[in-house]
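Below is one structure, written out as structure tokens; the observations come after it.
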Amino acid sequence: MKFLNKGSEKRPEKKAAAGEAKKQPKKKWMLILYYLFIAVLVACVIILVVWKIRRVRANAMLEETKAQVNVMGEVEDMAEDEPKDESDLDIDFDALYEINEDIYAWIYVPGTDISYPVLQSGDDKEEDYYLNHNLDGSTGRPACIYTQKRNSQDFTDPNTVIYGHNMHDGTMFRTLHEFEDAAFFAEHPYFYIYTPEGKITYHIFAAYRSDNSDILEKYNDFQSEDVFVGYLAEIMSQENSVCNLNSDVEVTAENTIVTLSTCIGVSSYRYLVQGVRED
């Protein structure tokens, strides 16, 4: 009986040891998962902080560029009783070149927050470099307002396409969407582009939702006059729920236009505002 009692006392000890052995791998995996979670969390925080620093730095550079631009009404030697036109900007392009040598123009759209330098990447950069690069060359948003190299920098092409992101904080080309409102479209008929040679005025004739195709590539840079005529006809004859047209503005194949292009929140569409150059 004593032998049996001793055996019965050992059995629970063996079961307990076996149970502990089974629990060890489980605890090990739980510990691994815990540290993995902490590592992922720390990595996310670091990424967020780096993203925030880059965004602050990019916005600071944009403010620096805007410091090189003055409304003519603020220029000291302007007579107090002289009429002031908010579209007349005094821009120090030499100072802008020092910030980024790819800056070649400035765009201003009255009634919106759009007043930015326009860039075009040099030979050492890809076509859409400024889609994902800021003024200081860092990657990320808000990036820049830019044109592709397939457009000339003198705005003499049949259609010059200027791109900008639709930023949720209201910057870049976000406020282009104001033109979706018919009243706003009617009350703000012009936008302006400045180059070192002077100001170019554009009369807005269309603002609408379009597909996401590359306009210049799709229409072969409008090298054919017939293609350009057909394109203008497509614009003025369209009908969609997000479209404002001004048929009183005459646009022919002899004109040149500028297309302001931004995203619309859906990858398959873009929002365009187009103006014809007035000499």
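Each chain of the structure tokens is named A, B, ... in the order shown, its residues numbered from 1; ligands are numbered from 1 in display order.
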
>> List as a ChimeraX atom specification the protein and nucleic acid residues near Leu216 in chain A, meaning an atom at most 9 Å away when only C-alpha atoms are counted, but skip any in the same chain fewer than 2 places from it.
In response: /A:150-151,159-161,213-214,218-222

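Omitting range 108-120 of chain A and its sequence neighbours fewer than 3 positions away, and counting only C-alpha atoms, the residues within 7 Å are Asp102, Ile103, Tyr104, Ala105, Ile145, Tyr146, Thr147, Gln148, Lys149, Thr171, Met172, Phe173, Thr175, His188, Phe191, Tyr192 and Ile193 of chain A.
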
>> So that I can check the surroundings of Phe155 in chain A, please list as an NGL selection string every protein, DNA and RNA residue that reaches within 9 Å of it, counting only C-alpha atoms and ignoring chain neighbours fewer than 5 positions away.
In response: :A and (160 or 256-258)

> In Å, how far is it from CA of Leu89 in chain A to CA of Glu254 in chain A?
Replying inline: 28.1 Å

> In Å to one decimal, how far is CA of Val249 in chain A from CA of Tyr202 in chain A?
Replying inline: 10.8 Å

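Taking CA of Asn134 in chain A as the reference point, CA of Lys66 in chain A is found at 14.7 Å.
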
> Got a sec to tell me which of range 169-216 of chain A DSSP assigns to strand (DSSP E or B), as a PyMOL selection string?
Replying inline: chain A and resi 172+190-195+198-211

>> Which residues are near Thr262 in chain A? Cut-off 8 Å, only C-alpha atoms, ignore same chain within fewer than 2 positions. Put them as a list of chain:residue names.
In response: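 Here the answer would be A:Tyr163, A:Gly164, A:His165, A:Asn166, A:Phe173, A:Arg174, A:Leu176, A:Leu260, A:Ile264, A:Arg270, A:Tyr271, A:Leu272.
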
>> Here is a test: counting only C-alpha atoms, which residue of A:Tyr190, A:Tyr35, A:Phe185, A:Trp106 is nearest to Glu278 in chain A?
In response: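 Among the listed residues, the smallest separation from Glu278 in chain A belongs to A:Tyr190.
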